[in-house]
Each structure stands twice: as C-alpha cells, then as structure tokens.
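Colleague: Contents of entry-v7.pdb (PDB, C-alpha atoms) are given next:
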```pdb
ATOM      1  CA  MET N   1       0.000   0.000   0.000
ATOM      2  CA  PHE N   2       0.967   3.625  -0.582
ATOM      3  CA  ASP N   3       3.638   3.023  -3.180
ATOM      4  CA  LEU N   4       4.917   6.319  -4.592
ATOM      5  CA  LYS N   5       7.703   4.901  -6.784
ATOM      6  CA  GLU N   6       8.123   6.919 -10.018
ATOM      7  CA  LYS N   7       6.231   9.842  -8.441
ATOM      8  CA  ASN N   8       7.832  13.238  -7.948
ATOM      9  CA  ALA N   9       6.730  15.351  -5.012
ATOM     10  CA  LEU N  10       7.372  19.029  -4.310
ATOM     11  CA  ILE N  11       7.101  19.952  -0.635
ATOM     12  CA  THR N  12       7.281  23.556   0.565
ATOM     13  CA  GLY N  13       8.333  24.426   4.088
ATOM     14  CA  ALA N  14      10.446  21.277   4.187
ATOM     15  CA  SER N  15      12.964  23.004   6.462
ATOM     16  CA  GLY N  16      10.412  22.921   9.275
ATOM     17  CA  GLY N  17       9.328  20.091  11.558
ATOM     18  CA  ILE N  18       6.111  19.072   9.819
ATOM     19  CA  GLY N  19       7.391  19.664   6.274
ATOM     20  CA  GLY N  20      10.516  17.647   6.989
ATOM     21  CA  ASP N  21       8.451  14.713   8.181
ATOM     22  CA  ILE N  22       6.190  14.937   5.131
ATOM     23  CA  ALA N  23       9.261  14.797   2.887
ATOM     24  CA  LYS N  24      10.601  11.790   4.803
ATOM     25  CA  MET N  25       7.279   9.962   4.641
ATOM     26  CA  LEU N  26       6.763  10.475   0.892
ATOM     27  CA  HIS N  27      10.399   9.620   0.248
ATOM     28  CA  GLY N  28      10.041   6.508   2.359
ATOM     29  CA  ALA N  29       7.125   5.424   0.149
ATOM     30  CA  GLY N  30       9.407   5.648  -2.878
ATOM     31  CA  ALA N  31       8.806   9.165  -4.180
ATOM     32  CA  THR N  32      11.488  11.483  -5.452
ATOM     33  CA  VAL N  33      11.193  14.652  -3.382
ATOM     34  CA  GLY N  34      11.910  18.287  -4.154
ATOM     35  CA  ILE N  35      12.368  19.930  -0.781
ATOM     36  CA  SER N  36      11.792  23.654  -0.692
ATOM     37  CA  GLY N  37      12.249  26.163   2.082
ATOM     38  CA  THR N  38      13.764  29.503   2.931
ATOM     39  CA  ARG N  39      16.621  28.203   5.043
ATOM     40  CA  VAL N  40      19.138  26.129   3.076
ATOM     41  CA  GLU N  41      20.970  24.505   5.995
ATOM     42  CA  PRO N  42      18.082  22.401   7.313
ATOM     43  CA  LEU N  43      17.269  21.412   3.725
ATOM     44  CA  GLU N  44      20.839  20.208   3.198
ATOM     45  CA  ALA N  45      20.717  18.268   6.457
ATOM     46  CA  LEU N  46      17.429  16.657   5.412
ATOM     47  CA  ALA N  47      18.797  15.837   1.955
ATOM     48  CA  ALA N  48      21.852  14.212   3.527
ATOM     49  CA  GLU N  49      19.591  12.126   5.747
ATOM     50  CA  LEU N  50      17.414  10.981   2.853
ATOM     51  CA  GLY N  51      20.290  10.193   0.483
ATOM     52  CA  GLU N  52      19.101   9.560  -3.069
ATOM     53  CA  ARG N  53      16.022  10.881  -4.881
ATOM     54  CA  VAL N  54      16.253  14.326  -3.266
ATOM     55  CA  HIS N  55      16.477  17.772  -4.822
ATOM     56  CA  ILE N  56      17.025  20.937  -2.789
ATOM     57  CA  LEU N  57      14.960  23.833  -4.112
ATOM     58  CA  PRO N  58      15.443  26.921  -1.919
ATOM     59  CA  CYS N  59      12.636  29.452  -2.300
ATOM     60  CA  ASN N  60      11.427  32.435  -0.337
ATOM     61  CA  LEU N  61       7.656  32.372  -0.729
ATOM     62  CA  SER N  62       7.443  36.083   0.160
ATOM     63  CA  ASP N  63       9.179  36.741  -3.172
ATOM     64  CA  ALA N  64       6.521  36.595  -5.915
ATOM     65  CA  GLU N  65       9.038  35.954  -8.692
ATOM     66  CA  ALA N  66      10.659  33.131  -6.783
ATOM     67  CA  VAL N  67       7.221  31.567  -6.252
ATOM     68  CA  ASP N  68       6.459  31.738  -9.972
ATOM     69  CA  ALA N  69       9.797  30.107 -10.778
ATOM     70  CA  LEU N  70       9.565  27.239  -8.267
ATOM     71  CA  PRO N  71       7.227  24.841 -10.169
ATOM     72  CA  LYS N  72       9.454  25.093 -13.245
ATOM     73  CA  GLN N  73      12.614  24.516 -11.227
ATOM     74  CA  ALA N  74      11.014  21.507  -9.587
ATOM     75  CA  ALA N  75       9.847  20.045 -12.898
ATOM     76  CA  GLU N  76      13.300  20.569 -14.410
ATOM     77  CA  ALA N  77      15.030  18.932 -11.464
ATOM     78  CA  MET N  78      12.710  15.930 -11.142
ATOM     79  CA  GLY N  79      11.150  15.605 -14.610
ATOM     80  CA  SER N  80       7.641  16.392 -13.385
ATOM     81  CA  VAL N  81       5.652  17.385 -10.314
ATOM     82  CA  ASP N  82       3.052  14.681  -9.634
ATOM     83  CA  ILE N  83       2.448  15.585  -6.005
ATOM     84  CA  LEU N  84       2.440  19.097  -4.543
ATOM     85  CA  VAL N  85       2.354  19.643  -0.799
ATOM     86  CA  ASN N  86       1.842  23.283   0.163
ATOM     87  CA  ASN N  87       3.083  23.125   3.717
ATOM     88  CA  ALA N  88       4.977  26.396   4.143
ATOM     89  CA  GLY N  89       3.290  28.990   6.289
ATOM     90  CA  ILE N  90       4.058  31.978   8.475
ATOM     91  CA  THR N  91       2.371  33.668  11.401
ATOM     92  CA  ARG N  92       2.318  37.350  12.319
ATOM     93  CA  ASP N  93       0.024  37.227  15.330
ATOM     94  CA  ASN N  94      -1.606  40.330  16.742
ATOM     95  CA  LEU N  95      -4.921  41.383  18.170
ATOM     96  CA  PHE N  96      -7.314  42.257  15.389
ATOM     97  CA  MET N  97      -7.651  45.838  16.612
ATOM     98  CA  ARG N  98      -3.892  46.266  16.365
ATOM     99  CA  MET N  99      -3.219  44.226  13.249
ATOM    100  CA  SER N 100      -1.425  46.263  10.587
ATOM    101  CA  ASP N 101      -2.101  45.974   6.880
ATOM    102  CA  ASP N 102       1.392  44.592   6.514
ATOM    103  CA  GLU N 103       0.806  41.863   9.108
ATOM    104  CA  TRP N 104      -2.382  40.919   7.309
ATOM    105  CA  GLN N 105      -0.970  41.027   3.800
ATOM    106  CA  SER N 106       2.281  39.202   4.434
ATOM    107  CA  VAL N 107       0.479  36.217   5.955
ATOM    108  CA  ILE N 108      -2.118  36.118   3.170
ATOM    109  CA  ASN N 109       0.649  36.398   0.565
ATOM    110  CA  VAL N 110       2.738  33.495   1.818
ATOM    111  CA  ASN N 111       0.034  31.159   3.089
ATOM    112  CA  LEU N 112      -2.715  31.675   0.525
ATOM    113  CA  THR N 113      -1.447  33.484  -2.566
ATOM    114  CA  ALA N 114       1.780  31.485  -2.871
ATOM    115  CA  THR N 115      -0.269  28.296  -2.449
ATOM    116  CA  MET N 116      -2.554  29.389  -5.291
ATOM    117  CA  LYS N 117       0.392  30.223  -7.547
ATOM    118  CA  LEU N 118       2.138  26.933  -6.891
ATOM    119  CA  CYS N 119      -1.077  24.995  -7.591
ATOM    120  CA  LYS N 120      -1.435  26.891 -10.848
ATOM    121  CA  GLY N 121       2.178  26.246 -11.752
ATOM    122  CA  VAL N 122       1.975  22.467 -11.423
ATOM    123  CA  LEU N 123      -1.490  21.953 -12.957
ATOM    124  CA  ARG N 124      -0.460  21.945 -16.594
ATOM    125  CA  GLY N 125       1.767  18.917 -16.127
ATOM    126  CA  MET N 126      -0.828  17.133 -13.981
ATOM    127  CA  MET N 127      -3.577  17.780 -16.549
ATOM    128  CA  LYS N 128      -1.428  16.288 -19.292
ATOM    129  CA  ALA N 129      -0.515  13.304 -17.160
ATOM    130  CA  ARG N 130      -4.160  12.827 -16.133
ATOM    131  CA  TRP N 131      -2.831  12.273 -12.611
ATOM    132  CA  GLY N 132      -1.986  14.640  -9.803
ATOM    133  CA  ARG N 133      -2.210  15.101  -6.076
ATOM    134  CA  ILE N 134      -2.310  18.445  -4.320
ATOM    135  CA  VAL N 135      -2.318  18.515  -0.534
ATOM    136  CA  ASN N 136      -2.578  21.893   1.151
ATOM    137  CA  ILE N 137      -1.693  22.095   4.815
ATOM    138  CA  SER N 138      -4.381  24.187   6.454
ATOM    139  CA  SER N 139      -4.945  24.412  10.210
ATOM    140  CA  VAL N 140      -7.597  23.711  12.795
ATOM    141  CA  VAL N 141      -7.791  27.472  13.392
ATOM    142  CA  GLY N 142      -9.015  27.925   9.819
ATOM    143  CA  ALA N 143     -12.192  26.176  10.973
ATOM    144  CA  THR N 144     -12.405  27.312  14.592
ATOM    145  CA  GLY N 145     -10.754  30.739  14.585
ATOM    146  CA  ASN N 146      -8.175  31.773  17.177
ATOM    147  CA  PRO N 147      -7.732  35.059  19.018
ATOM    148  CA  GLY N 148      -4.688  36.933  17.738
ATOM    149  CA  GLN N 149      -4.633  35.005  14.487
ATOM    150  CA  ALA N 150      -7.248  36.660  12.259
ATOM    151  CA  ASN N 151      -4.755  36.812   9.401
ATOM    152  CA  TYR N 152      -3.505  33.254   9.819
ATOM    153  CA  ALA N 153      -7.001  31.808  10.307
ATOM    154  CA  ALA N 154      -8.260  33.705   7.234
ATOM    155  CA  SER N 155      -5.391  32.362   5.130
ATOM    156  CA  LYS N 156      -5.994  28.793   6.300
ATOM    157  CA  ALA N 157      -9.765  28.980   5.801
ATOM    158  CA  GLY N 158      -9.143  30.557   2.390
ATOM    159  CA  MET N 159      -6.987  27.597   1.496
ATOM    160  CA  VAL N 160      -9.929  25.256   2.183
ATOM    161  CA  GLY N 161     -12.336  27.181  -0.067
ATOM    162  CA  MET N 162      -9.731  27.450  -2.797
ATOM    163  CA  SER N 163      -8.923  23.748  -2.623
ATOM    164  CA  LYS N 164     -12.582  22.758  -2.897
ATOM    165  CA  SER N 165     -13.122  24.996  -5.928
ATOM    166  CA  LEU N 166     -10.029  23.684  -7.664
ATOM    167  CA  ALA N 167     -10.992  20.122  -6.750
ATOM    168  CA  TYR N 168     -14.253  20.564  -8.661
ATOM    169  CA  GLU N 169     -12.489  21.896 -11.733
ATOM    170  CA  VAL N 170      -9.855  19.202 -12.126
ATOM    171  CA  ALA N 171     -11.530  16.096 -10.672
ATOM    172  CA  SER N 172     -12.325  14.745 -14.145
ATOM    173  CA  ARG N 173      -8.605  14.847 -14.999
ATOM    174  CA  GLY N 174      -7.508  12.452 -12.267
ATOM    175  CA  ILE N 175      -6.247  15.246 -10.035
ATOM    176  CA  THR N 176      -7.286  15.452  -6.405
ATOM    177  CA  VAL N 177      -7.002  18.538  -4.217
ATOM    178  CA  ASN N 178      -7.354  18.171  -0.455
ATOM    179  CA  CYS N 179      -6.361  19.839   2.782
ATOM    180  CA  VAL N 180      -4.885  18.458   5.966
ATOM    181  CA  ALA N 181      -5.691  20.558   9.021
ATOM    182  CA  PRO N 182      -3.314  19.909  11.931
ATOM    183  CA  GLY N 183      -4.177  20.754  15.525
ATOM    184  CA  PHE N 184      -1.416  21.163  18.111
ATOM    185  CA  ILE N 185       1.681  19.403  16.811
ATOM    186  CA  THR N 186       5.028  19.058  18.572
ATOM    187  CA  THR N 187       7.534  21.228  16.709
ATOM    188  CA  ALA N 188      10.416  23.536  17.537
ATOM    189  CA  MET N 189       7.758  26.223  18.008
ATOM    190  CA  THR N 190       5.781  24.320  20.657
ATOM    191  CA  ASP N 191       8.986  23.200  22.442
ATOM    192  CA  LYS N 192       9.399  26.823  23.510
ATOM    193  CA  LEU N 193       6.075  26.870  25.375
ATOM    194  CA  THR N 194       6.146  26.783  29.179
ATOM    195  CA  ASP N 195       4.644  23.799  31.012
ATOM    196  CA  ASP N 196       1.709  26.003  32.077
ATOM    197  CA  GLN N 197       1.042  26.959  28.477
ATOM    198  CA  LYS N 198       1.256  23.342  27.404
ATOM    199  CA  ASP N 199      -1.182  22.272  30.127
ATOM    200  CA  ALA N 200      -3.662  24.916  29.016
ATOM    201  CA  ILE N 201      -3.424  23.671  25.427
ATOM    202  CA  LEU N 202      -3.769  20.024  26.355
ATOM    203  CA  LYS N 203      -6.978  20.688  28.291
ATOM    204  CA  GLN N 204      -8.580  21.365  24.901
ATOM    205  CA  VAL N 205      -7.359  18.100  23.375
ATOM    206  CA  PRO N 206      -9.328  14.937  24.220
ATOM    207  CA  ALA N 207      -6.359  12.791  23.206
ATOM    208  CA  GLY N 208      -4.433  14.456  26.048
ATOM    209  CA  ARG N 209      -1.263  14.955  24.068
ATOM    210  CA  MET N 210       0.128  16.959  21.183
ATOM    211  CA  GLY N 211       0.355  15.352  17.793
ATOM    212  CA  ASP N 212       3.606  14.192  16.266
ATOM    213  CA  PRO N 213       4.667  15.636  12.882
ATOM    214  CA  SER N 214       4.682  12.083  11.528
ATOM    215  CA  GLU N 215       0.934  11.925  12.186
ATOM    216  CA  ILE N 216       0.438  14.839   9.790
ATOM    217  CA  ALA N 217       2.808  13.257   7.299
ATOM    218  CA  SER N 218       0.792  10.005   7.377
ATOM    219  CA  ALA N 219      -2.362  11.904   6.450
ATOM    220  CA  VAL N 220      -0.513  13.561   3.578
ATOM    221  CA  LEU N 221       0.821  10.208   2.392
ATOM    222  CA  TYR N 222      -2.703   8.788   2.222
ATOM    223  CA  LEU N 223      -4.043  11.748   0.241
ATOM    224  CA  ALA N 224      -1.011  11.636  -2.091
ATOM    225  CA  SER N 225      -1.347   7.927  -2.790
ATOM    226  CA  ALA N 226      -3.127   6.101  -5.596
ATOM    227  CA  GLU N 227      -5.366   4.594  -2.900
ATOM    228  CA  GLY N 228      -6.609   8.072  -1.969
ATOM    229  CA  GLY N 229      -7.732   8.754  -5.538
ATOM    230  CA  TYR N 230     -11.458   8.987  -4.770
ATOM    231  CA  VAL N 231     -10.958  11.531  -1.987
ATOM    232  CA  THR N 232     -11.048  15.106  -3.238
ATOM    233  CA  GLY N 233     -12.121  18.509  -1.955
ATOM    234  CA  THR N 234     -12.005  17.343   1.610
ATOM    235  CA  THR N 235     -10.181  18.505   4.708
ATOM    236  CA  LEU N 236      -8.677  15.818   6.867
ATOM    237  CA  HIS N 237      -8.543  17.073  10.464
ATOM    238  CA  VAL N 238      -5.678  15.664  12.499
ATOM    239  CA  ASN N 239      -6.094  17.185  15.928
ATOM    240  CA  GLY N 240      -6.571  14.575  18.642
ATOM    241  CA  GLY N 241     -10.272  15.359  18.849
ATOM    242  CA  MET N 242      -9.734  19.023  19.653
ATOM    243  CA  ALA N 243     -12.314  20.013  17.026
ATOM    244  CA  MET N 244     -14.485  17.244  15.635
ATOM    245  CA  LEU N 245     -15.387  18.595  12.207
TER     246      LEU N 245
ATOM    247  CA  MET Q   1      -5.853  23.302 -46.353
ATOM    248  CA  SER Q   2      -2.822  24.867 -44.753
ATOM    249  CA  ASP Q   3      -0.374  22.925 -42.654
ATOM    250  CA  VAL Q   4      -1.403  24.878 -39.545
ATOM    251  CA  ALA Q   5      -5.070  23.966 -40.019
ATOM    252  CA  ASP Q   6      -4.169  20.294 -40.417
ATOM    253  CA  ARG Q   7      -2.126  20.260 -37.237
ATOM    254  CA  VAL Q   8      -4.803  22.123 -35.276
ATOM    255  CA  LYS Q   9      -7.473  19.751 -36.584
ATOM    256  CA  LYS Q  10      -5.429  16.731 -35.522
ATOM    257  CA  ILE Q  11      -5.177  18.084 -31.951
ATOM    258  CA  VAL Q  12      -8.897  18.851 -31.797
ATOM    259  CA  VAL Q  13      -9.887  15.435 -33.145
ATOM    260  CA  GLU Q  14      -7.582  13.630 -30.734
ATOM    261  CA  HIS Q  15      -8.479  15.694 -27.702
ATOM    262  CA  LEU Q  16     -12.227  15.924 -28.109
ATOM    263  CA  GLY Q  17     -12.724  12.577 -29.828
ATOM    264  CA  VAL Q  18     -14.846  14.048 -32.631
ATOM    265  CA  GLU Q  19     -15.150  13.136 -36.327
ATOM    266  CA  GLU Q  20     -12.736  15.037 -38.547
ATOM    267  CA  ASP Q  21     -15.493  16.321 -40.849
ATOM    268  CA  LYS Q  22     -17.195  18.028 -37.897
ATOM    269  CA  VAL Q  23     -14.137  20.225 -37.378
ATOM    270  CA  VAL Q  24     -15.014  23.066 -39.749
ATOM    271  CA  ASP Q  25     -14.069  26.743 -39.565
ATOM    272  CA  ASN Q  26     -17.144  27.926 -37.677
ATOM    273  CA  ALA Q  27     -17.380  24.877 -35.414
ATOM    274  CA  SER Q  28     -17.490  26.098 -31.819
ATOM    275  CA  PHE Q  29     -15.427  23.943 -29.469
ATOM    276  CA  ILE Q  30     -18.052  24.157 -26.738
ATOM    277  CA  ASP Q  31     -21.354  24.391 -28.658
ATOM    278  CA  ASP Q  32     -20.582  22.104 -31.602
ATOM    279  CA  LEU Q  33     -17.718  19.842 -30.578
ATOM    280  CA  GLY Q  34     -18.780  18.984 -27.034
ATOM    281  CA  ALA Q  35     -15.863  20.569 -25.192
ATOM    282  CA  ASP Q  36     -16.255  21.776 -21.625
ATOM    283  CA  SER Q  37     -14.462  24.878 -20.380
ATOM    284  CA  LEU Q  38     -11.526  22.859 -19.086
ATOM    285  CA  ASP Q  39     -11.187  21.161 -22.494
ATOM    286  CA  THR Q  40     -10.734  24.587 -24.077
ATOM    287  CA  VAL Q  41      -7.936  25.342 -21.606
ATOM    288  CA  GLU Q  42      -6.286  22.050 -22.501
ATOM    289  CA  LEU Q  43      -6.672  22.706 -26.240
ATOM    290  CA  VAL Q  44      -4.917  26.049 -25.841
ATOM    291  CA  MET Q  45      -2.138  24.315 -23.881
ATOM    292  CA  ALA Q  46      -1.802  21.780 -26.686
ATOM    293  CA  PHE Q  47      -1.675  24.509 -29.354
ATOM    294  CA  GLU Q  48       1.034  26.319 -27.389
ATOM    295  CA  GLU Q  49       3.161  23.204 -27.315
ATOM    296  CA  GLU Q  50       2.549  22.136 -30.917
ATOM    297  CA  PHE Q  51       3.443  25.551 -32.326
ATOM    298  CA  GLY Q  52       5.909  26.777 -29.699
ATOM    299  CA  ILE Q  53       3.918  29.927 -29.027
ATOM    300  CA  GLU Q  54       2.479  31.606 -25.950
ATOM    301  CA  ILE Q  55      -1.243  32.271 -25.955
ATOM    302  CA  PRO Q  56      -2.042  34.771 -23.185
ATOM    303  CA  ASP Q  57      -5.236  34.233 -21.176
ATOM    304  CA  ASP Q  58      -7.122  37.181 -22.686
ATOM    305  CA  ALA Q  59      -6.310  35.956 -26.207
ATOM    306  CA  ALA Q  60      -7.262  32.397 -25.289
ATOM    307  CA  GLU Q  61     -10.751  33.612 -24.394
ATOM    308  CA  THR Q  62     -11.270  34.860 -27.957
ATOM    309  CA  ILE Q  63     -10.527  31.433 -29.434
ATOM    310  CA  GLN Q  64     -14.007  29.954 -29.587
ATOM    311  CA  THR Q  65     -14.034  28.086 -32.891
ATOM    312  CA  PHE Q  66     -11.669  25.973 -34.954
ATOM    313  CA  GLY Q  67     -11.355  28.901 -37.381
ATOM    314  CA  ASP Q  68     -10.445  31.278 -34.512
ATOM    315  CA  ALA Q  69      -7.666  28.933 -33.458
ATOM    316  CA  VAL Q  70      -6.179  28.588 -36.941
ATOM    317  CA  LYS Q  71      -6.347  32.339 -37.510
ATOM    318  CA  PHE Q  72      -4.739  33.141 -34.162
ATOM    319  CA  ILE Q  73      -1.922  30.640 -34.633
ATOM    320  CA  ASN Q  74      -1.242  31.797 -38.200
ATOM    321  CA  GLU Q  75      -0.927  35.369 -36.955
ATOM    322  CA  ALA Q  76       1.138  34.437 -33.894
ATOM    323  CA  ALA Q  77       3.546  32.326 -35.923
ATOM    324  CA  ALA Q  78       3.848  34.906 -38.744
TER     325      ALA Q  78
END
```
Can the structure in the file be given as structure tokens, please?

Modeller:
Amino acid sequence: MFDLKEKNALITGASGGIGGDIAKMLHGAGATVGISGTRVEPLEALAAELGERVHILPCNLSDAEAVDALPKQAAEAMGSVDILVNNAGITRDNLFMRMSDDEWQSVINVNLTATMKLCKGVLRGMMKARWGRIVNISSVVGATGNPGQANYAASKAGMVGMSKSLAYEVASRGITVNCVAPGFITTAMTDKLTDDQKDAILKQVPAGRMGDPSEIASAVLYLASAEGGYVTGTTLHVNGGMAML
Amino acid sequence: MSDVADRVKKIVVEHLGVEEDKVVDNASFIDDLGADSLDTVELVMAFEEEFGIEIPDDAAETIQTFGDAVKFINEAAA
C-alpha cells in the first residue's frame, strides 16, 4: 500500500518540523522529493539524511518571482511534479484591533497566494498526465478561529475554499485537491512553550497529548497515494479530537 | 488546407474525440464539438506546445471556434 515509486513530489516548508516529516514519509514510500524552504541549511541536512532521490529547491515564498519560478525549477530537477504539498506557512500574530495591513498582507501572501500560484504552476503537467495530487496544509484554526490570528485563520480557511473549488475543476482529470488541518503538533515552536502553556493547550485536546509531525505526514501520504484517488475537496482534520469537524 | 489547419485539426480530433469532418471553420469547441471549459484550456495548452507559441489568457478567451484557433496561430507564428 501507498507506493509512490516513479512519483515526484514538491514539498514547501520542508525546512520545518512538519514539512521535513512529510518529505521523509513520501520519500520513504518511494517518491522522489523536491524539498523547498527559505533556510538552506536544514534542507541540506534533510537531503543528507534521505540520500538519493532528493532535490534541494530553496525558495522564499514572500518573493513573488521566486514563487512563480519554483514549479518550473522543480519540474526541471525531477522531470515532473506529480504531487504538490503546500506546507509552508508563516504567522504574524496580533490582536485584530492592532493588526497592521502589513501583518495581514504578508500572511495572506505566503500562506494563501503562494499556495494558489504553486497549484497553478503544477497543474499543466498534472492535466497532461491525467494524474496529480495536491495537498494543502491548512490548520484547525481555519475552521475554529483563534484570538490573535485573524490573518492566519483567514489564510488557512481561504486555502480550504480554494482547494474545494479547484478540486471541482480538475476532478475529471484524475487530479485530487485536499487539505490536511493539523491541531497542536510538537515542533520547535511548541517546544518553547512553558509547562503552564502546554497544560492549558492540552486541556482542549481529548487525546491528552500533542500530535507528532509524523501523524500529519501520514495523512498527507494517504491523500497523495493512488489509494486516496477517490478523496477530493475534503479537509482531513488531524487534531486529537480538539475540534471534531 | 494549410499545414497549420491540419495540425490544429489533428489536436482537436484527438483531444475531443470528434469526427474530422465536424471540425469546420465555424465549429465552436463548446457548442458544436462537445468541449467543456476545461477542455478549451487544454486545447490552448496543446496549441502552445505544438506551435511553440504563448497564448495569453485574454487571447485564449477569444478562441471559440476551430477557425479562430487557426487564424490566431497563423498570426502568432507569422
């Protein structure tokens, strides 16, 4: 099950905890992976760990030209992009009343607009191949909202609406478009929380623990696989029961 | 018939699975040849590749019939 041999996957935000695990999981299933991110060092470390079938594709998603160029670079490096995982995202948290236009726009640009552009950039090849998998990493807060994260929640909810619309348009061409919405996942970011903060978070999670990045990666693997071919336009919530949607 | 028209016709016949004699100058891809809107996008992609040209989105919208396509490509390649 879940054999991705001969498939080429582009993963953004692969320098982070969740993106790195997604790259490892798809690679482990046999895919060739193009790992993209802003910081080159973690990408090189990941590439060294994975060994063969890896291409490093540095890209700053705040840079519109770099975003436009990335699908082409990925296709040139790997031969095609059969699987796209839009995992990269940023936060610029602030209370709504204090949120600047720049805080709003920068988050929308990276999380939503870059996702749209990358989808657009890989579609031509997928349409021709009559096969494609797009997995956009949304967030539980896109469905529930979160104080201080109006921009982030808007970008992640926007991703869901965009994915559904695109899923309609390309379903007849063998291309699926889905979202995975993580809840609280253990990453470098959550390691910095105090024990009190962690306790407060865990009170909201019926599973009583944070998720592991590999549990997000497993969801992505399913949606990227041939076996997941009849699943499109959906959002798979991976949150320990925190929000049962 | 010009070489361009032959090549365009071949793409249309293959992509839409229609009889060659249905592909006449005023045949509309959507109304007469059974294409949906995504088919028209794919046809334009195929024309771009066959003729090595770029067809911008606003120009692509004006290509409604087989004749439109041949005319546009003849002008773009000229």

Colleague: For the PyMOL selection byres ((chain N and resi 57) around 12), applied here, can you spell out every residue it catches as a PyMOL selection string?

Modeller: chain N and resi 9-15+33-44+47+54-56+58-61+66-67+69-78

Colleague: The PyMOL selection byres ((chain Q) within 10 of (chain N)) on the file shown: which residues, as a ChimeraX atom specification?

Modeller: /Q:37-38,41-42,45-46

Colleague: Between CA of Ala5 (chain Q) and CA of Val70 (chain Q), measure the distance and give it in Å to one decimal.

Modeller: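 So the answer is 5.7 Å.
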
Colleague: Would you write out, as a PyMOL selection string, every residue that the PyMOL selection byres ((chain Q and resi 10-14) around 9) captures in this file?

Modeller: chain Q and resi 5-9+15-20+23+29+33+43+46-47+50+66

Colleague: For region 83-96 of chain N, please output as number ranges by chain all residues within 8 Å (counting only C-alpha atoms; exclusion window: fewer than 5 positions along the same chain).

Modeller: N: 7-14, 18-19, 37, 103-104, 107, 110-111, 115, 118-119, 122, 132-137, 147-152, 224

Colleague: Box for region 200-204 of chain N: with edges along x, y and z, all listed atoms inside and 5 Å added on each side, what are the centre and edge lengths in Å to one decimal, as AutoDock Vina command-line options?

Modeller:
```
--center_x -6.0 --center_y 22.5 --center_z 27.0 --size_x 15.2 --size_y 14.9 --size_z 14.1
```

Colleague: Record the distance separating CA of Thr176 (chain N) and CA of Val238 (chain N), expressed in Å with one decimal.

Modeller: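 Answer for the CA of Thr176 (chain N) to CA of Val238 (chain N) separation: 19.0 Å.
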
Colleague: Measure the distance from CA of Ala78 (chain Q) to CA of Thr65 (chain Q) in Å and round it to one decimal.

Modeller: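 About the pair CA of Ala78 (chain Q) and CA of Thr65 (chain Q): they are 20.0 Å apart.
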
Colleague: If you count all atoms listed in the file, which residues fall within 12 Å of Asp31 (chain Q), apart from same-chain ones fewer than 4 positions away, as a list in words?

Modeller: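 Here the answer would be Lys22, Asn26, Ala27, Ala35, Asp36, Ser37, Thr40, Gln64, Thr65 and Phe66 of chain Q.
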
Colleague: At a cut-off of 12 Å, using all atoms listed in the file, what residues contact Lys198 (chain N)? Leave out same-chain residues fewer than 2 positions from it and give the result as a list in words.

Modeller: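 The residues that qualify are Phe184, Ile185, Thr186, Met189, Thr190, Asp191, Lys192, Leu193, Thr194, Asp195, Asp196, Ala200, Ile201, Leu202, Lys203, Gln204, Val205, Gly208, Arg209 and Met210 of chain N.
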
Colleague: Using all atoms listed in the file, can you tell me which of N:Ser139, N:Thr32, N:Ser218, N:Asn109 comes closest to Cys179 (chain N)?

Modeller: N:Ser139

Colleague: Neighbours of Leu236 (chain N) within 8 Å (all atoms listed in the file; same-chain residues fewer than 4 positions away dropped), as a list in words?

Modeller: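 Here the answer would be Asn178, Cys179, Val180, Ala181 and Ala219 of chain N.
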
Colleague: Would you fill the gaps in region 45-61 of chain Q so it has N, CA and C atoms, then print it as a compact mmCIF listing (two decimals), in the coordinates of the input?

Modeller:
```
# COMPACT_ATOMS: atom_id res chain seq x y z
N MET Q 45 -3.44 24.84 -24.32
CA MET Q 45 -2.14 24.32 -23.88
C MET Q 45 -1.50 23.47 -24.98
N ALA Q 46 -2.32 22.65 -25.63
CA ALA Q 46 -1.80 21.78 -26.69
C ALA Q 46 -1.34 22.59 -27.89
N PHE Q 47 -2.09 23.65 -28.23
CA PHE Q 47 -1.68 24.51 -29.35
C PHE Q 47 -0.34 25.18 -29.03
N GLU Q 48 -0.21 25.65 -27.79
CA GLU Q 48 1.03 26.32 -27.39
C GLU Q 48 2.23 25.39 -27.59
N GLU Q 49 2.04 24.15 -27.21
CA GLU Q 49 3.16 23.20 -27.32
C GLU Q 49 3.44 22.82 -28.76
N GLU Q 50 2.38 22.56 -29.52
CA GLU Q 50 2.55 22.14 -30.92
C GLU Q 50 3.26 23.21 -31.73
N PHE Q 51 2.93 24.49 -31.47
CA PHE Q 51 3.44 25.55 -32.33
C PHE Q 51 4.52 26.39 -31.64
N GLY Q 52 4.86 26.05 -30.41
CA GLY Q 52 5.91 26.78 -29.70
C GLY Q 52 5.59 28.24 -29.50
N ILE Q 53 4.33 28.54 -29.23
CA ILE Q 53 3.92 29.93 -29.03
C ILE Q 53 3.31 30.07 -27.63
N GLU Q 54 3.17 31.34 -27.21
CA GLU Q 54 2.48 31.61 -25.95
C GLU Q 54 1.14 32.24 -26.28
N ILE Q 55 0.08 31.69 -25.75
CA ILE Q 55 -1.24 32.27 -25.96
C ILE Q 55 -1.71 32.83 -24.62
N PRO Q 56 -1.65 34.18 -24.47
CA PRO Q 56 -2.04 34.77 -23.18
C PRO Q 56 -3.52 34.51 -22.89
N ASP Q 57 -3.88 34.59 -21.59
CA ASP Q 57 -5.24 34.23 -21.18
C ASP Q 57 -6.32 35.05 -21.89
N ASP Q 58 -6.06 36.37 -22.07
CA ASP Q 58 -7.12 37.18 -22.69
C ASP Q 58 -7.29 36.81 -24.16
N ALA Q 59 -6.20 36.40 -24.81
CA ALA Q 59 -6.31 35.96 -26.21
C ALA Q 59 -6.99 34.60 -26.27
N ALA Q 60 -6.68 33.74 -25.30
CA ALA Q 60 -7.26 32.40 -25.29
C ALA Q 60 -8.78 32.47 -25.23
N GLU Q 61 -9.29 33.48 -24.53
CA GLU Q 61 -10.75 33.61 -24.39
C GLU Q 61 -11.43 33.93 -25.72
```
